[in-house]
Structure formats: structure tokens, C-alpha cells
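What follows is a short report on a single structure.
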Amino acid sequence: MATESNPLLSQVARLDTQTAIERLDTQDPATVAKLLAALPPARANNILSAMSEDARARIMAAAPAGTDWSDSQRYAEGTVGRLLEDPPAVFRSGTSVATAIDVLRETIRQRMVTYLFIIDASNRLLGVTAFRELLYAERTQTLDQVMLRNPFFLRPEQTLVDAMREVVTRHFPVYPVCEEDGTLVGQVRGQVLFEQQAFEISAQAGAMVGVEKEERLATPLMRAFKFRHPWLQINLVTVFITAAVVGIFQNTIDHIVVLAMFLPVLGGQSGNLGCQSMAVLLRGMTLGELRATKVVGLIAKEALLGLMNGTVTGALAGVAMFIVASREHGGPSPMHLALITAGAMAFSCMIAGVAGTAIPLLLKRLGADPATASSIFLTTITDVVSMGGFLSLVTIFLL
């Protein structure tokens, strides 16, 4: 990779955005332009968008010919491009499984890796493979041999509404984002996509409940602090709650290691489903549809819908668990694990549907902005229920 041959480029690739800008401030615009051109477009966009307008203009004027990046403003507000993240695991075609594993040993200490993206020499996406597939692949194989070819991807210029229509039946934890010709520009997490869409729908929710609207760049310092900090403290507590629940079952995970592979699957699936319910509810709030709807009936509908979706996806997850567990020797019955996985998925998705509807309603009644606070509580409930329920069932019936 280019970052290995240039120390400054290597530093910029690893540093947080503000620190990276401070390092780049000591360089002339032409050098900075070349450095940013060597970074993934999403990373370059993040850095450029955080710079002052004058600095950004000078750097873009000095950009090498043919450079395919600009500041994040080239993507309209409300599009997938505004949600881009740097993919943590991108490899060139022909990379061996052994090499990928060695590289990812350090990466997974910093970021969660769900999928590996395989690209050609022109950065076009060739295929995708799940991180867990590396556990069962031969080290001498190449990623091309284990990847899924011609994968589904989103385009950065897509609106969130259009993107939601395409992903609503897929429920992947992460989606690659590519230009029309397949050039990889970044990734977007499924949960972020649903949460952002919910936030866009509820742009006027603050006025509806008499609280401050979403924070903007010009928000005064103390107001911004008061707006963010309470929720950050609550989020910290909820994260510890989730970690504590998983920690209670550490002995179960130690005995049946394969469970660790399926914890993010249950958490991500129920989280996405909960965000779907929340998005529909917030849209109804914004459009005034809630007044003509019985809350009890709405919650019951979302519970049943969650159960139906959870049953279907749980069956598929159970099959995957059976296949994976069958490769393990000396452990619990693969069929028992598969049934527990399917049941836990169905139950957690049902609860996620209820939570995605009930939480915004409760927060609205308490006078808080549903869009600002709902995702914190929703993520906690879905994680605790899905992971805690799954591990509880395994502990009760198999240990």
C-alpha cells in the first residue's frame, strides 16, 4: 500500500481528522493534494470537509490531474454519500487468505470488520467475503476463491429513500458504496442508514415536542454542550449495560466459542428491524398520521411483523449455525444450537419491533426529541435482548 512508503501519508491515514489536518497544515497545498489523492476517497472527503474554506480551495486547485475526490459537499444532503465511512478491510485481487488474516490481526483491534472488499488495480469492487469465512478457508487460497462475486452495492448519489427501498429486504450489516462503474468509494453501515433515514424523516420532531431542533454547525458552544452531553452520558451507561450482559455469559462463550460469531448477527438484525419500525413511526409523527392510529394496535402490528421477519431470518440463521456447528467436534448438538438460534432471532426481532415503536412514543410523551434519543435506547434494548436472550437459552438448555 502507498501508506507504507510515505511516513506522513501513513500518519494521516491513521490519525483522527482534526489531528491529521494539523499535520497537513505544515505542508504546501500541492503536497497535501497528492497525499489526499493517495487516500481512499471517503477519508479524503472527511479531511477536506473539516478544513477551512480557503484551505480546501487551495488544495483542490493543486490536485493532480484526474484525481477523483472532492469535499463531502459534492454529495447532496440526504444521500448515501454523506454517510460514507472508510472500509477497514480492502484487499487487491490475488491476495492470499494468509496475508489477509495477518493484516487484519491489527485492524480488528481498532475497528470491527464484518466484510472484506476485494478490488482490482483500478479500485473497482470485484467481490465481498465475510470475515468469518476466513476461519474456514485454506490459508493458501486467494480471496478471489472465497469471495462472493458481483456483490450488491449502493451508489453515493442515491437518496436515503431510494437506498432504503433497495436494502429493506437484504438486512446486511454493512453495504459497499461504489460509483456507477463499480469503483469502491467507501462503505455505509446498515444501522446507520436506517438511523439517518429516521433522523431525516423527523427533522421537525423537535418543534412538535417543544425542544431544540437538531444541532447545526453554528450552534453556540454551551448550547451544543447541553444538547450533546446528557445523551453521551446515557449512551455510556447503556454501552456498559450491554457489555455487562455479555460478560455475565463469558463462561458460556468460553465453552461454545462458535456463539461469538453469531452475537453480532443477532444484534445487527434486530437493530436494523427496530430501526425500520422507528423510521415508520417517526414518519407517521411528522406527517400527523399518529393521531388517527390506535397506539396499542400499532405496537401489536409491529410486534407481529417483527416476529414474522424474525422467524424467516431466524430459520436462515439457524441453518448457518447448523452448518458452522457441524464443523466443530465435541461441542453441543448442531441441531440444538440451530433451533436456539432461530428462536432467539424470532424473539429478539419481535421485541425490536415493539421497542422501535414504543421508545419514540414514550420519549415524545416525556418531552424529548424522539430522533435524538431513540436510537440510544433502541440499540441498548436490541443488543441486550438479542445477545442476552441467545446466551441465556444456550446456558439453560445446553450447559
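Residue numbers start at 1 in each chain; chains themselves are named A, B, ... in the order of the C-alpha cells; ligands are numbered from 1 in the order shown.
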Inset, instruction - Can you pull out every residue within 10 Å of Arg111 of chain A, counting only C-alpha atoms, but drop anything in the same chain fewer than 6 positions away, and send it as a ChimeraX atom specification? - result: /A:87-89,104
Could the residues in this selection be written to a file with N, CA, C and O atoms, as a tab-separated table (two decimals), in the first residue's frame?
```
chain	number	residue	atom	x	y	z
A	87	PRO	N	-13.68	1.87	4.48
A	87	PRO	CA	-13.75	0.42	4.72
A	87	PRO	C	-12.48	-0.04	5.44
A	87	PRO	O	-11.37	0.31	5.04
A	88	PRO	N	-12.61	-0.81	6.51
A	88	PRO	CA	-11.43	-1.23	7.26
A	88	PRO	C	-10.66	-2.38	6.63
A	88	PRO	O	-9.53	-2.64	7.00
A	89	ALA	N	-11.28	-3.08	5.67
A	89	ALA	CA	-10.64	-4.27	5.10
A	89	ALA	C	-10.82	-4.29	3.59
A	89	ALA	O	-11.79	-4.85	3.06
A	104	LEU	N	-5.27	-8.27	9.12
A	104	LEU	CA	-6.45	-7.97	9.93
A	104	LEU	C	-6.24	-8.19	11.42
A	104	LEU	O	-7.05	-7.74	12.22
```
Would you pick out the contacts of Glu22 of chain A at 12 Å or less, using only C-alpha atoms, so that residues sharing its chain but fewer than 6 positions from it are not included, and give the list as an mmCIF file with N, CA and C atoms, in the first residue's frame?
```
data_model
loop_
_atom_site.group_PDB
_atom_site.id
_atom_site.type_symbol
_atom_site.label_atom_id
_atom_site.label_comp_id
_atom_site.auth_asym_id
_atom_site.auth_seq_id
_atom_site.Cartn_x
_atom_site.Cartn_y
_atom_site.Cartn_z
ATOM 1 N N LEU A 8 4.434 10.420 6.269
ATOM 2 C CA LEU A 8 3.373 11.382 6.530
ATOM 3 C C LEU A 8 2.023 10.836 6.080
ATOM 4 N N GLN A 11 0.808 8.411 8.598
ATOM 5 C CA GLN A 11 0.275 9.072 9.786
ATOM 6 C C GLN A 11 -1.129 9.616 9.527
ATOM 7 N N VAL A 12 -1.301 10.283 8.388
ATOM 8 C CA VAL A 12 -2.598 10.874 8.060
ATOM 9 C C VAL A 12 -3.667 9.793 7.945
ATOM 10 N N LEU A 15 -4.488 8.827 11.759
ATOM 11 C CA LEU A 15 -4.890 9.828 12.752
ATOM 12 C C LEU A 15 -6.360 10.200 12.630
ATOM 13 N N ASP A 16 -6.896 10.757 13.711
ATOM 14 C CA ASP A 16 -8.232 11.320 13.640
ATOM 15 C C ASP A 16 -8.194 12.551 12.739
ATOM 16 N N VAL A 32 -0.101 18.368 -0.007
ATOM 17 C CA VAL A 32 -1.307 17.887 0.658
ATOM 18 C C VAL A 32 -2.251 17.249 -0.346
ATOM 19 N N ILE A 47 -11.515 14.626 5.590
ATOM 20 C CA ILE A 47 -10.490 15.600 5.957
ATOM 21 C C ILE A 47 -10.748 16.943 5.293
ATOM 22 N N ALA A 50 -13.576 19.063 6.757
ATOM 23 C CA ALA A 50 -13.311 19.631 8.081
ATOM 24 C C ALA A 50 -12.333 20.807 8.016
ATOM 25 N N MET A 51 -11.734 21.061 6.850
ATOM 26 C CA MET A 51 -10.799 22.176 6.699
ATOM 27 C C MET A 51 -11.554 23.491 6.506
ATOM 28 N N SER A 52 -10.832 24.575 6.644
ATOM 29 C CA SER A 52 -11.423 25.879 6.360
ATOM 30 C C SER A 52 -11.686 25.991 4.863
ATOM 31 N N ALA A 55 -8.490 26.959 2.834
ATOM 32 C CA ALA A 55 -7.517 25.870 2.724
ATOM 33 C C ALA A 55 -8.007 24.801 1.763
#
```
Legend entry - Residue contacts of Thr183 of chain A (10 Å, only C-alpha atoms) excluding same-chain residues fewer than 5 positions away, as a PyMOL selection string: chain A and resi 119-120+122-126+155+177-178
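As for atom CA of Ser270 of chain A and atom CA of Pro173 of chain A, they are spaced 10.8 Å apart.
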Inset, instruction - Check the smallest atom-to-atom distance from each of A:Gly388, A:Pro264, A:Gly271, A:Gly297 to Arg132 of chain A using only C-alpha atoms, then report the winner. - result: A:Pro264
Inset, instruction - Would you work out the distance separating atom CA of Leu143 of chain A from atom CA of Thr114 of chain A, expressed in Å to one decimal? - result: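 So the two atoms, atom CA of Leu143 of chain A and atom CA of Thr114 of chain A, lie 14.8 Å apart.
Our summary of the geometry notes that atom CA of Glu138 of chain A is positioned 26.0 Å from atom CA of Met335 of chain A.
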Legend entry - Neighbour list for Gly314 of chain A as a list in words, cut-off 8 Å, only C-alpha atoms, skip fewer than 6 positions in-chain: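 Skipping anything fewer than 6 positions along the chain leaves Thr341, Ala342, Gly343, Ala344, Met345 and Ala346 of chain A.
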Could you write those residues out with N, CA and C atoms, as a PDB file, in the first residue's frame?
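New file selection22.pdb:
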```pdb
ATOM      1  N   THR A 341     -30.815 -20.687  17.971  1.00  0.00           N
ATOM      2  CA  THR A 341     -30.519 -19.504  17.169  1.00  0.00           C
ATOM      3  C   THR A 341     -31.777 -18.983  16.485  1.00  0.00           C
ATOM      4  N   ALA A 342     -32.544 -19.891  15.878  1.00  0.00           N
ATOM      5  CA  ALA A 342     -33.775 -19.487  15.196  1.00  0.00           C
ATOM      6  C   ALA A 342     -34.775 -18.889  16.178  1.00  0.00           C
ATOM      7  N   GLY A 343     -34.934 -19.508  17.338  1.00  0.00           N
ATOM      8  CA  GLY A 343     -35.867 -18.990  18.332  1.00  0.00           C
ATOM      9  C   GLY A 343     -35.449 -17.646  18.889  1.00  0.00           C
ATOM     10  N   ALA A 344     -34.150 -17.506  19.174  1.00  0.00           N
ATOM     11  CA  ALA A 344     -33.650 -16.239  19.708  1.00  0.00           C
ATOM     12  C   ALA A 344     -33.801 -15.115  18.701  1.00  0.00           C
ATOM     13  N   MET A 345     -33.583 -15.415  17.409  1.00  0.00           N
ATOM     14  CA  MET A 345     -33.732 -14.400  16.370  1.00  0.00           C
ATOM     15  C   MET A 345     -35.180 -13.944  16.267  1.00  0.00           C
ATOM     16  N   ALA A 346     -36.099 -14.891  16.268  1.00  0.00           N
ATOM     17  CA  ALA A 346     -37.517 -14.543  16.164  1.00  0.00           C
ATOM     18  C   ALA A 346     -37.963 -13.688  17.350  1.00  0.00           C
TER      19      ALA A 346
END
```
Inset, instruction - Per DSSP on the backbone, filter segment 282-328 of chain A down to the residues in alpha helix (DSSP H) and report them as a VMD selection string. - result: chain A and resid 282 to 287 295 to 326
Please write the residues from the selection above to a file, keeping N, CA and C atoms, as a CSV table (one decimal), in the first residue's frame.
```
chain,number,residue,atom,x,y,z
A,282,LEU,N,-41.6,7.5,13.2
A,282,LEU,CA,-41.2,8.9,13.1
A,282,LEU,C,-41.8,9.6,11.9
A,283,ARG,N,-41.9,8.8,10.8
A,283,ARG,CA,-42.5,9.4,9.6
A,283,ARG,C,-44.0,9.7,9.9
A,284,GLY,N,-44.7,8.8,10.6
A,284,GLY,CA,-46.1,9.0,11.0
A,284,GLY,C,-46.2,10.2,11.9
A,285,MET,N,-45.3,10.4,12.8
A,285,MET,CA,-45.3,11.6,13.7
A,285,MET,C,-45.2,12.9,12.8
A,286,THR,N,-44.3,12.9,11.9
A,286,THR,CA,-44.0,14.1,11.1
A,286,THR,C,-45.2,14.4,10.2
A,287,LEU,N,-45.9,13.4,9.7
A,287,LEU,CA,-47.0,13.6,8.8
A,287,LEU,C,-48.3,13.7,9.5
A,295,VAL,N,-52.5,3.4,19.3
A,295,VAL,CA,-51.2,3.0,19.6
A,295,VAL,C,-51.0,1.5,19.9
A,296,VAL,N,-52.0,1.0,20.7
A,296,VAL,CA,-51.9,-0.4,21.0
A,296,VAL,C,-51.9,-1.3,19.8
A,297,GLY,N,-52.8,-0.9,18.8
A,297,GLY,CA,-52.9,-1.7,17.6
A,297,GLY,C,-51.6,-1.6,16.8
A,298,LEU,N,-51.0,-0.4,16.8
A,298,LEU,CA,-49.7,-0.2,16.1
A,298,LEU,C,-48.6,-1.0,16.7
A,299,ILE,N,-48.5,-1.0,18.0
A,299,ILE,CA,-47.4,-1.8,18.6
A,299,ILE,C,-47.6,-3.3,18.4
A,300,ALA,N,-48.9,-3.7,18.4
A,300,ALA,CA,-49.2,-5.1,18.2
A,300,ALA,C,-48.8,-5.5,16.7
A,301,LYS,N,-49.1,-4.6,15.8
A,301,LYS,CA,-48.7,-4.9,14.4
A,301,LYS,C,-47.2,-5.0,14.2
A,302,GLU,N,-46.5,-4.1,14.9
A,302,GLU,CA,-45.0,-4.1,14.7
A,302,GLU,C,-44.4,-5.4,15.4
A,303,ALA,N,-45.1,-5.8,16.5
A,303,ALA,CA,-44.6,-7.0,17.2
A,303,ALA,C,-44.8,-8.2,16.3
A,304,LEU,N,-46.0,-8.3,15.7
A,304,LEU,CA,-46.2,-9.4,14.8
A,304,LEU,C,-45.3,-9.4,13.6
A,305,LEU,N,-45.1,-8.2,13.0
A,305,LEU,CA,-44.3,-8.0,11.9
A,305,LEU,C,-42.8,-8.4,12.2
A,306,GLY,N,-42.4,-8.0,13.4
A,306,GLY,CA,-41.1,-8.4,13.8
A,306,GLY,C,-40.9,-9.9,14.0
A,307,LEU,N,-42.0,-10.5,14.5
A,307,LEU,CA,-41.9,-12.0,14.7
A,307,LEU,C,-41.9,-12.7,13.4
A,308,MET,N,-42.7,-12.2,12.4
A,308,MET,CA,-42.7,-12.8,11.1
A,308,MET,C,-41.3,-12.7,10.4
A,309,ASN,N,-40.8,-11.5,10.4
A,309,ASN,CA,-39.4,-11.3,9.8
A,309,ASN,C,-38.4,-12.1,10.6
A,310,GLY,N,-38.5,-12.1,11.9
A,310,GLY,CA,-37.5,-12.8,12.7
A,310,GLY,C,-37.6,-14.3,12.5
A,311,THR,N,-38.8,-14.8,12.3
A,311,THR,CA,-38.9,-16.3,12.0
A,311,THR,C,-38.3,-16.7,10.7
A,312,VAL,N,-38.5,-15.8,9.7
A,312,VAL,CA,-37.8,-16.2,8.4
A,312,VAL,C,-36.3,-16.0,8.4
A,313,THR,N,-35.8,-14.9,9.0
A,313,THR,CA,-34.4,-14.7,9.0
A,313,THR,C,-33.8,-15.7,10.1
A,314,GLY,N,-34.6,-16.0,11.1
A,314,GLY,CA,-34.1,-16.9,12.1
A,314,GLY,C,-33.9,-18.3,11.6
A,315,ALA,N,-34.7,-18.7,10.7
A,315,ALA,CA,-34.6,-20.0,10.0
A,315,ALA,C,-33.3,-20.1,9.2
A,316,LEU,N,-33.0,-19.0,8.5
A,316,LEU,CA,-31.8,-18.9,7.7
A,316,LEU,C,-30.5,-18.9,8.6
A,317,ALA,N,-30.6,-18.1,9.7
A,317,ALA,CA,-29.5,-18.1,10.7
A,317,ALA,C,-29.3,-19.4,11.4
A,318,GLY,N,-30.5,-20.1,11.6
A,318,GLY,CA,-30.4,-21.5,12.2
A,318,GLY,C,-29.6,-22.4,11.3
A,319,VAL,N,-29.9,-22.4,10.0
A,319,VAL,CA,-29.2,-23.2,9.0
A,319,VAL,C,-27.7,-22.9,9.0
A,320,ALA,N,-27.4,-21.6,9.1
A,320,ALA,CA,-26.0,-21.2,9.1
A,320,ALA,C,-25.3,-21.7,10.4
A,321,MET,N,-26.0,-21.6,11.5
A,321,MET,CA,-25.5,-22.2,12.8
A,321,MET,C,-25.3,-23.7,12.7
A,322,PHE,N,-26.2,-24.4,12.1
A,322,PHE,CA,-26.1,-25.8,12.0
A,322,PHE,C,-24.9,-26.2,11.1
A,323,ILE,N,-24.7,-25.5,10.0
A,323,ILE,CA,-23.5,-25.8,9.2
A,323,ILE,C,-22.2,-25.5,9.9
A,324,VAL,N,-22.1,-24.3,10.6
A,324,VAL,CA,-20.9,-24.0,11.3
A,324,VAL,C,-20.6,-24.9,12.4
A,325,ALA,N,-21.7,-25.2,13.2
A,325,ALA,CA,-21.5,-26.0,14.4
A,325,ALA,C,-21.2,-27.5,14.0
A,326,SER,N,-21.6,-27.9,12.9
A,326,SER,CA,-21.3,-29.3,12.4
A,326,SER,C,-19.8,-29.5,12.2
```
Inset, instruction - Would you mind listing what lies within 12 Å of segment 164-168 of chain A as number ranges by chain, with only C-alpha atoms counted and same-chain residues fewer than 3 positions away left out? - result: A: 78-80, 152-155, 158-161, 171-176, 188-198, 269, 272-273, 275-277, 279-280, 309
Inset, instruction - Please give the complete set of residues from segment 76-163 of chain A that DSSP, run on the backbone, assigns to strand (DSSP E or B), formatted as a list in words. - result: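 In segment 76-163 of chain A, DSSP puts these residues in strand (DSSP E or B): Thr79, Glu85, Val90, Phe91, Arg92, Ser96, Tyr115, Leu116, Phe117, Ile118, Ile119, Arg124, Leu125, Leu126, Gly127, Val128, Thr129, Ala130, Thr142, Leu148, Arg149, Leu154 and Thr159 of chain A.
For the residues A:Ala76, A:Thr31, A:Met222, A:Arg170, ranking by smallest atom-to-atom distance to Ala62 of chain A using only C-alpha atoms places A:Thr31 first.
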